[in-house]
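Participant: The following block contains the structure, expressed as structure tokens.
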Amino acid sequence: MERFVSTYAMRLDSKGRMSIPAPFRALIARDGLEHVYCHPALDLPVLQAGGARLMAGIDSLIERYPPYSEAREELAAALYGSIETLRLDPEGRVMLSEGLKTHAQIRDEATLVGVGDSFRIWEPIRFRAHLAEAKAKVRILKQQFGSQGATRDSRADGA
């Protein structure tokens, strides 16, 4: 199964349109779609976008809660209610609404980042800061896993 991968710097044109990278469009097209689903992330100033796998992930998340439960209703309203369907024009561009741009603080440039089953649309400076923070956390995790592996190895050696 193909994934949304890589990072692309994009500019919004004078009409507010932004190109979706060809590899991302190819994955959307495989879903039989001529549009991109897009919603404001619940926990970050970024947009979450994608095709059928994005929607399947949202469906799966919501279905974890009992039907008619308050949590399920709130999550469904927050996610389904905020999804916008962005039509791809013949050149592979979409128009971000003012609400989406405001949430992500996007003006005339955006960074599109593949995250597996979907992609994120960031304001470039915010993405660079987020990426630096994420890399720092990964380095800490790597050190923790490395020390756990060393402890496990020493136990296996009888130490």
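For the structure tokens, the naming scheme is as follows: chains receive sequential letters (A, B, ...) according to their order of presentation, residues are indexed from 1 within each chain, and ligands are indexed from 1 in presentation order.
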Do you know which residues are at most 12 Å from Val46 of chain A counting only C-alpha atoms, after dropping those on the same chain fewer than 3 positions away, and could you put them as a PDB file with N, CA and C atoms, in the first residue's frame?

Facilitator:
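As a result, around.pdb now contains:
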```pdb
ATOM      1  N   CYS A  38     -10.100  17.700   3.847  1.00  0.00           N
ATOM      2  CA  CYS A  38      -9.193  18.511   4.647  1.00  0.00           C
ATOM      3  C   CYS A  38      -9.930  19.034   5.877  1.00  0.00           C
ATOM      4  N   HIS A  39      -9.259  18.965   7.020  1.00  0.00           N
ATOM      5  CA  HIS A  39      -9.856  19.512   8.243  1.00  0.00           C
ATOM      6  C   HIS A  39      -8.765  20.083   9.142  1.00  0.00           C
ATOM      7  N   PRO A  40      -9.130  21.039   9.987  1.00  0.00           N
ATOM      8  CA  PRO A  40      -8.171  21.561  10.959  1.00  0.00           C
ATOM      9  C   PRO A  40      -7.832  20.466  11.971  1.00  0.00           C
ATOM     10  N   ALA A  41      -6.559  20.283  12.249  1.00  0.00           N
ATOM     11  CA  ALA A  41      -6.173  19.311  13.276  1.00  0.00           C
ATOM     12  C   ALA A  41      -6.743  19.764  14.615  1.00  0.00           C
ATOM     13  N   LEU A  42      -7.095  18.811  15.452  1.00  0.00           N
ATOM     14  CA  LEU A  42      -7.700  19.137  16.735  1.00  0.00           C
ATOM     15  C   LEU A  42      -6.680  19.644  17.747  1.00  0.00           C
ATOM     16  N   ASP A  43      -5.409  19.248  17.590  1.00  0.00           N
ATOM     17  CA  ASP A  43      -4.416  19.538  18.615  1.00  0.00           C
ATOM     18  C   ASP A  43      -3.242  20.403  18.175  1.00  0.00           C
ATOM     19  N   ALA A  49      -5.032  16.403   5.741  1.00  0.00           N
ATOM     20  CA  ALA A  49      -5.649  16.231   4.428  1.00  0.00           C
ATOM     21  C   ALA A  49      -5.365  14.836   3.890  1.00  0.00           C
ATOM     22  N   GLY A  99     -11.201  29.869   6.577  1.00  0.00           N
ATOM     23  CA  GLY A  99     -11.184  29.191   7.868  1.00  0.00           C
ATOM     24  C   GLY A  99     -10.012  28.237   8.018  1.00  0.00           C
ATOM     25  N   LEU A 100      -9.731  27.471   6.971  1.00  0.00           N
ATOM     26  CA  LEU A 100      -8.590  26.555   7.005  1.00  0.00           C
ATOM     27  C   LEU A 100      -7.284  27.330   7.091  1.00  0.00           C
ATOM     28  N   LYS A 101      -7.144  28.360   6.268  1.00  0.00           N
ATOM     29  CA  LYS A 101      -5.913  29.162   6.293  1.00  0.00           C
ATOM     30  C   LYS A 101      -5.720  29.818   7.656  1.00  0.00           C
ATOM     31  N   THR A 102      -6.798  30.305   8.243  1.00  0.00           N
ATOM     32  CA  THR A 102      -6.694  30.952   9.553  1.00  0.00           C
ATOM     33  C   THR A 102      -6.245  29.957  10.612  1.00  0.00           C
ATOM     34  N   HIS A 103      -6.828  28.763  10.623  1.00  0.00           N
ATOM     35  CA  HIS A 103      -6.456  27.752  11.619  1.00  0.00           C
ATOM     36  C   HIS A 103      -4.953  27.453  11.553  1.00  0.00           C
ATOM     37  N   ALA A 104      -4.426  27.274  10.346  1.00  0.00           N
ATOM     38  CA  ALA A 104      -3.018  26.906  10.175  1.00  0.00           C
ATOM     39  C   ALA A 104      -2.103  28.121  10.027  1.00  0.00           C
ATOM     40  N   GLN A 105      -2.687  29.310  10.045  1.00  0.00           N
ATOM     41  CA  GLN A 105      -1.948  30.571   9.887  1.00  0.00           C
ATOM     42  C   GLN A 105      -1.151  30.608   8.585  1.00  0.00           C
ATOM     43  N   ILE A 106      -1.780  30.112   7.531  1.00  0.00           N
ATOM     44  CA  ILE A 106      -1.157  30.082   6.207  1.00  0.00           C
ATOM     45  C   ILE A 106      -1.530  31.356   5.459  1.00  0.00           C
ATOM     46  N   ALA A 110       2.979  27.335   1.951  1.00  0.00           N
ATOM     47  CA  ALA A 110       2.599  26.203   2.800  1.00  0.00           C
ATOM     48  C   ALA A 110       3.619  25.087   2.599  1.00  0.00           C
ATOM     49  N   THR A 111       3.747  24.272   3.628  1.00  0.00           N
ATOM     50  CA  THR A 111       4.591  23.094   3.552  1.00  0.00           C
ATOM     51  C   THR A 111       3.683  21.880   3.698  1.00  0.00           C
ATOM     52  N   LEU A 112       3.712  21.001   2.696  1.00  0.00           N
ATOM     53  CA  LEU A 112       2.899  19.780   2.708  1.00  0.00           C
ATOM     54  C   LEU A 112       3.794  18.619   3.119  1.00  0.00           C
ATOM     55  N   VAL A 113       3.369  17.892   4.146  1.00  0.00           N
ATOM     56  CA  VAL A 113       4.200  16.848   4.746  1.00  0.00           C
ATOM     57  C   VAL A 113       3.438  15.533   4.767  1.00  0.00           C
ATOM     58  N   PHE A 119      -1.745  13.595   4.739  1.00  0.00           N
ATOM     59  CA  PHE A 119      -0.667  14.580   4.752  1.00  0.00           C
ATOM     60  C   PHE A 119      -1.127  15.805   5.513  1.00  0.00           C
ATOM     61  N   ARG A 120      -0.153  16.566   5.969  1.00  0.00           N
ATOM     62  CA  ARG A 120      -0.442  17.767   6.737  1.00  0.00           C
ATOM     63  C   ARG A 120      -0.017  18.991   5.939  1.00  0.00           C
ATOM     64  N   ILE A 121      -0.756  20.060   6.152  1.00  0.00           N
ATOM     65  CA  ILE A 121      -0.466  21.333   5.492  1.00  0.00           C
ATOM     66  C   ILE A 121      -0.118  22.331   6.590  1.00  0.00           C
ATOM     67  N   TRP A 122       1.125  22.755   6.589  1.00  0.00           N
ATOM     68  CA  TRP A 122       1.678  23.617   7.637  1.00  0.00           C
ATOM     69  C   TRP A 122       2.018  25.004   7.101  1.00  0.00           C
ATOM     70  N   GLU A 123       2.020  25.971   7.973  1.00  0.00           N
ATOM     71  CA  GLU A 123       2.693  27.250   7.714  1.00  0.00           C
ATOM     72  C   GLU A 123       4.177  26.912   7.849  1.00  0.00           C
ATOM     73  N   PRO A 124       5.023  27.307   6.891  1.00  0.00           N
ATOM     74  CA  PRO A 124       6.415  26.828   6.852  1.00  0.00           C
ATOM     75  C   PRO A 124       7.239  27.064   8.116  1.00  0.00           C
ATOM     76  N   ILE A 125       7.160  28.228   8.721  1.00  0.00           N
ATOM     77  CA  ILE A 125       7.965  28.495   9.920  1.00  0.00           C
ATOM     78  C   ILE A 125       7.498  27.611  11.072  1.00  0.00           C
ATOM     79  N   ARG A 126       6.192  27.447  11.204  1.00  0.00           N
ATOM     80  CA  ARG A 126       5.658  26.575  12.259  1.00  0.00           C
ATOM     81  C   ARG A 126       6.092  25.125  12.026  1.00  0.00           C
ATOM     82  N   PHE A 127       6.133  24.701  10.763  1.00  0.00           N
ATOM     83  CA  PHE A 127       6.566  23.331  10.489  1.00  0.00           C
ATOM     84  C   PHE A 127       8.023  23.137  10.883  1.00  0.00           C
ATOM     85  N   HIS A 130       8.153  22.756  14.558  1.00  0.00           N
ATOM     86  CA  HIS A 130       7.573  21.461  14.947  1.00  0.00           C
ATOM     87  C   HIS A 130       8.547  20.323  14.632  1.00  0.00           C
TER      88      HIS A 130
END
```

Participant: How far is it from atom CA of Ala71 of chain A to atom CA of Leu54 of chain A, in Å with one decimal?

Facilitator: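 A separation of 20.0 Å between them.
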
Participant: Contacts of Pro21 of chain A at 9 Å or less, counting only C-alpha atoms, minus same-chain residues fewer than 2 places along, as number ranges by chain?

Facilitator: A: 8, 10, 19, 23-26, 92-93, 112

Participant: Those residues you just picked out, can you put them in a file as a PDB file, in the first residue's frame with N, CA and C atoms?

Facilitator:
```
ATOM      1  N   TYR A   8       6.984  18.949   0.782  1.00  0.00           N
ATOM      2  CA  TYR A   8       6.942  19.830  -0.384  1.00  0.00           C
ATOM      3  C   TYR A   8       6.645  21.259   0.049  1.00  0.00           C
ATOM      4  N   MET A  10       5.152  24.739  -1.059  1.00  0.00           N
ATOM      5  CA  MET A  10       4.203  25.222  -2.067  1.00  0.00           C
ATOM      6  C   MET A  10       3.861  26.685  -1.812  1.00  0.00           C
ATOM      7  N   SER A  19      -1.067  24.125  -5.343  1.00  0.00           N
ATOM      8  CA  SER A  19      -0.889  22.842  -6.017  1.00  0.00           C
ATOM      9  C   SER A  19      -0.701  21.730  -4.998  1.00  0.00           C
ATOM     10  N   PRO A  23       2.753  13.196  -6.557  1.00  0.00           N
ATOM     11  CA  PRO A  23       2.638  11.902  -5.856  1.00  0.00           C
ATOM     12  C   PRO A  23       1.422  11.846  -4.923  1.00  0.00           C
ATOM     13  N   PHE A  24       1.066  12.961  -4.317  1.00  0.00           N
ATOM     14  CA  PHE A  24      -0.111  12.998  -3.455  1.00  0.00           C
ATOM     15  C   PHE A  24      -1.380  12.876  -4.293  1.00  0.00           C
ATOM     16  N   ARG A  25      -1.404  13.569  -5.430  1.00  0.00           N
ATOM     17  CA  ARG A  25      -2.577  13.481  -6.319  1.00  0.00           C
ATOM     18  C   ARG A  25      -2.767  12.067  -6.830  1.00  0.00           C
ATOM     19  N   ALA A  26      -1.665  11.377  -7.110  1.00  0.00           N
ATOM     20  CA  ALA A  26      -1.761   9.997  -7.605  1.00  0.00           C
ATOM     21  C   ALA A  26      -2.429   9.096  -6.566  1.00  0.00           C
ATOM     22  N   GLY A  92      -4.390  20.360 -10.821  1.00  0.00           N
ATOM     23  CA  GLY A  92      -4.023  19.737  -9.554  1.00  0.00           C
ATOM     24  C   GLY A  92      -3.953  20.700  -8.383  1.00  0.00           C
ATOM     25  N   ARG A  93      -4.684  21.807  -8.489  1.00  0.00           N
ATOM     26  CA  ARG A  93      -4.687  22.802  -7.412  1.00  0.00           C
ATOM     27  C   ARG A  93      -5.986  22.716  -6.608  1.00  0.00           C
ATOM     28  N   LEU A 112       3.712  21.001   2.696  1.00  0.00           N
ATOM     29  CA  LEU A 112       2.899  19.780   2.708  1.00  0.00           C
ATOM     30  C   LEU A 112       3.794  18.619   3.119  1.00  0.00           C
TER      31      LEU A 112
END
```

Participant: Quick one: DSSP helix (DSSP H, G or I) residues in segment 78-142 of chain A, as a PyMOL selection string?

Facilitator: chain A and resi 78-80+98-104+124-142

Participant: Can you write out the residues you just picked, keeping C-alpha atoms, as an mmCIF file, in the first residue's frame?

Facilitator:
```
data_model
loop_
_atom_site.group_PDB
_atom_site.id
_atom_site.type_symbol
_atom_site.label_atom_id
_atom_site.label_comp_id
_atom_site.auth_asym_id
_atom_site.auth_seq_id
_atom_site.Cartn_x
_atom_site.Cartn_y
_atom_site.Cartn_z
ATOM 1 C CA ALA A 78 -15.465 18.027 15.697
ATOM 2 C CA LEU A 79 -14.091 15.922 12.849
ATOM 3 C CA TYR A 80 -16.874 15.293 10.329
ATOM 4 C CA GLU A 98 -10.276 31.314 4.844
ATOM 5 C CA GLY A 99 -11.184 29.191 7.868
ATOM 6 C CA LEU A 100 -8.590 26.555 7.005
ATOM 7 C CA LYS A 101 -5.913 29.162 6.293
ATOM 8 C CA THR A 102 -6.694 30.952 9.553
ATOM 9 C CA HIS A 103 -6.456 27.752 11.619
ATOM 10 C CA ALA A 104 -3.018 26.906 10.175
ATOM 11 C CA PRO A 124 6.415 26.828 6.852
ATOM 12 C CA ILE A 125 7.965 28.495 9.920
ATOM 13 C CA ARG A 126 5.658 26.575 12.259
ATOM 14 C CA PHE A 127 6.566 23.331 10.489
ATOM 15 C CA ARG A 128 10.302 23.939 10.896
ATOM 16 C CA ALA A 129 9.791 24.554 14.630
ATOM 17 C CA HIS A 130 7.573 21.461 14.947
ATOM 18 C CA LEU A 131 10.103 19.322 13.061
ATOM 19 C CA ALA A 132 12.987 20.494 15.270
ATOM 20 C CA GLU A 133 10.958 19.644 18.388
ATOM 21 C CA ALA A 134 9.958 16.254 16.956
ATOM 22 C CA LYS A 135 13.591 15.408 16.113
ATOM 23 C CA ALA A 136 14.687 16.337 19.639
ATOM 24 C CA LYS A 137 12.016 14.028 21.096
ATOM 25 C CA VAL A 138 13.055 11.219 18.737
ATOM 26 C CA ARG A 139 16.690 11.570 19.852
ATOM 27 C CA ILE A 140 15.584 11.169 23.485
ATOM 28 C CA LEU A 141 13.453 8.137 22.599
ATOM 29 C CA LYS A 142 16.350 6.636 20.671
#
```

Participant: Using only C-alpha atoms, which of the listed residues (A:Gly114, A:Gln143, A:Gly50, A:Asp89) sits closest to Met18 of chain A?

Facilitator: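 Ranked by minimum distance to Met18 of chain A, first place goes to A:Asp89.
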
Participant: Work out how far apart atom CA of Asp13 of chain A and atom CA of Asp108 of chain A are and give it in Å to one decimal.

Facilitator: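 Atom CA of Asp108 of chain A lies 7.3 Å from atom CA of Asp13 of chain A.
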
Participant: Compile the contact shell of Ala52 of chain A as a PyMOL selection string: residues with an atom at most 12 Å away, counting only C-alpha atoms, same-chain residues fewer than 2 positions apart removed.

Facilitator: chain A and resi 27-38+49-50+54-59+85+117-118

Participant: Report the distance between atom CA of Phe4 of chain A and atom CA of Gly51 of chain A in Å, rounded to one decimal place.

Facilitator: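 Between atom CA of Phe4 of chain A and atom CA of Gly51 of chain A the gap works out to 10.4 Å.
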
Participant: Counting only C-alpha atoms, which residue out of A:Tyr68, A:Lys15, A:Thr7, A:Ile20 sits closest to Arg87 of chain A?

Facilitator: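 Of all the options, A:Ile20 lies closest to Arg87 of chain A.
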
Participant: If you run DSSP on this backbone, which residues of segment 60-117 of chain A come out as strand (DSSP E or B), and could you give them as a list in words?

Facilitator: Glu84, Thr85, Leu86, Arg87, Arg93, Val94, Met95, Glu109, Ala110, Thr111, Leu112, Val113, Gly114 and Gly116 of chain A
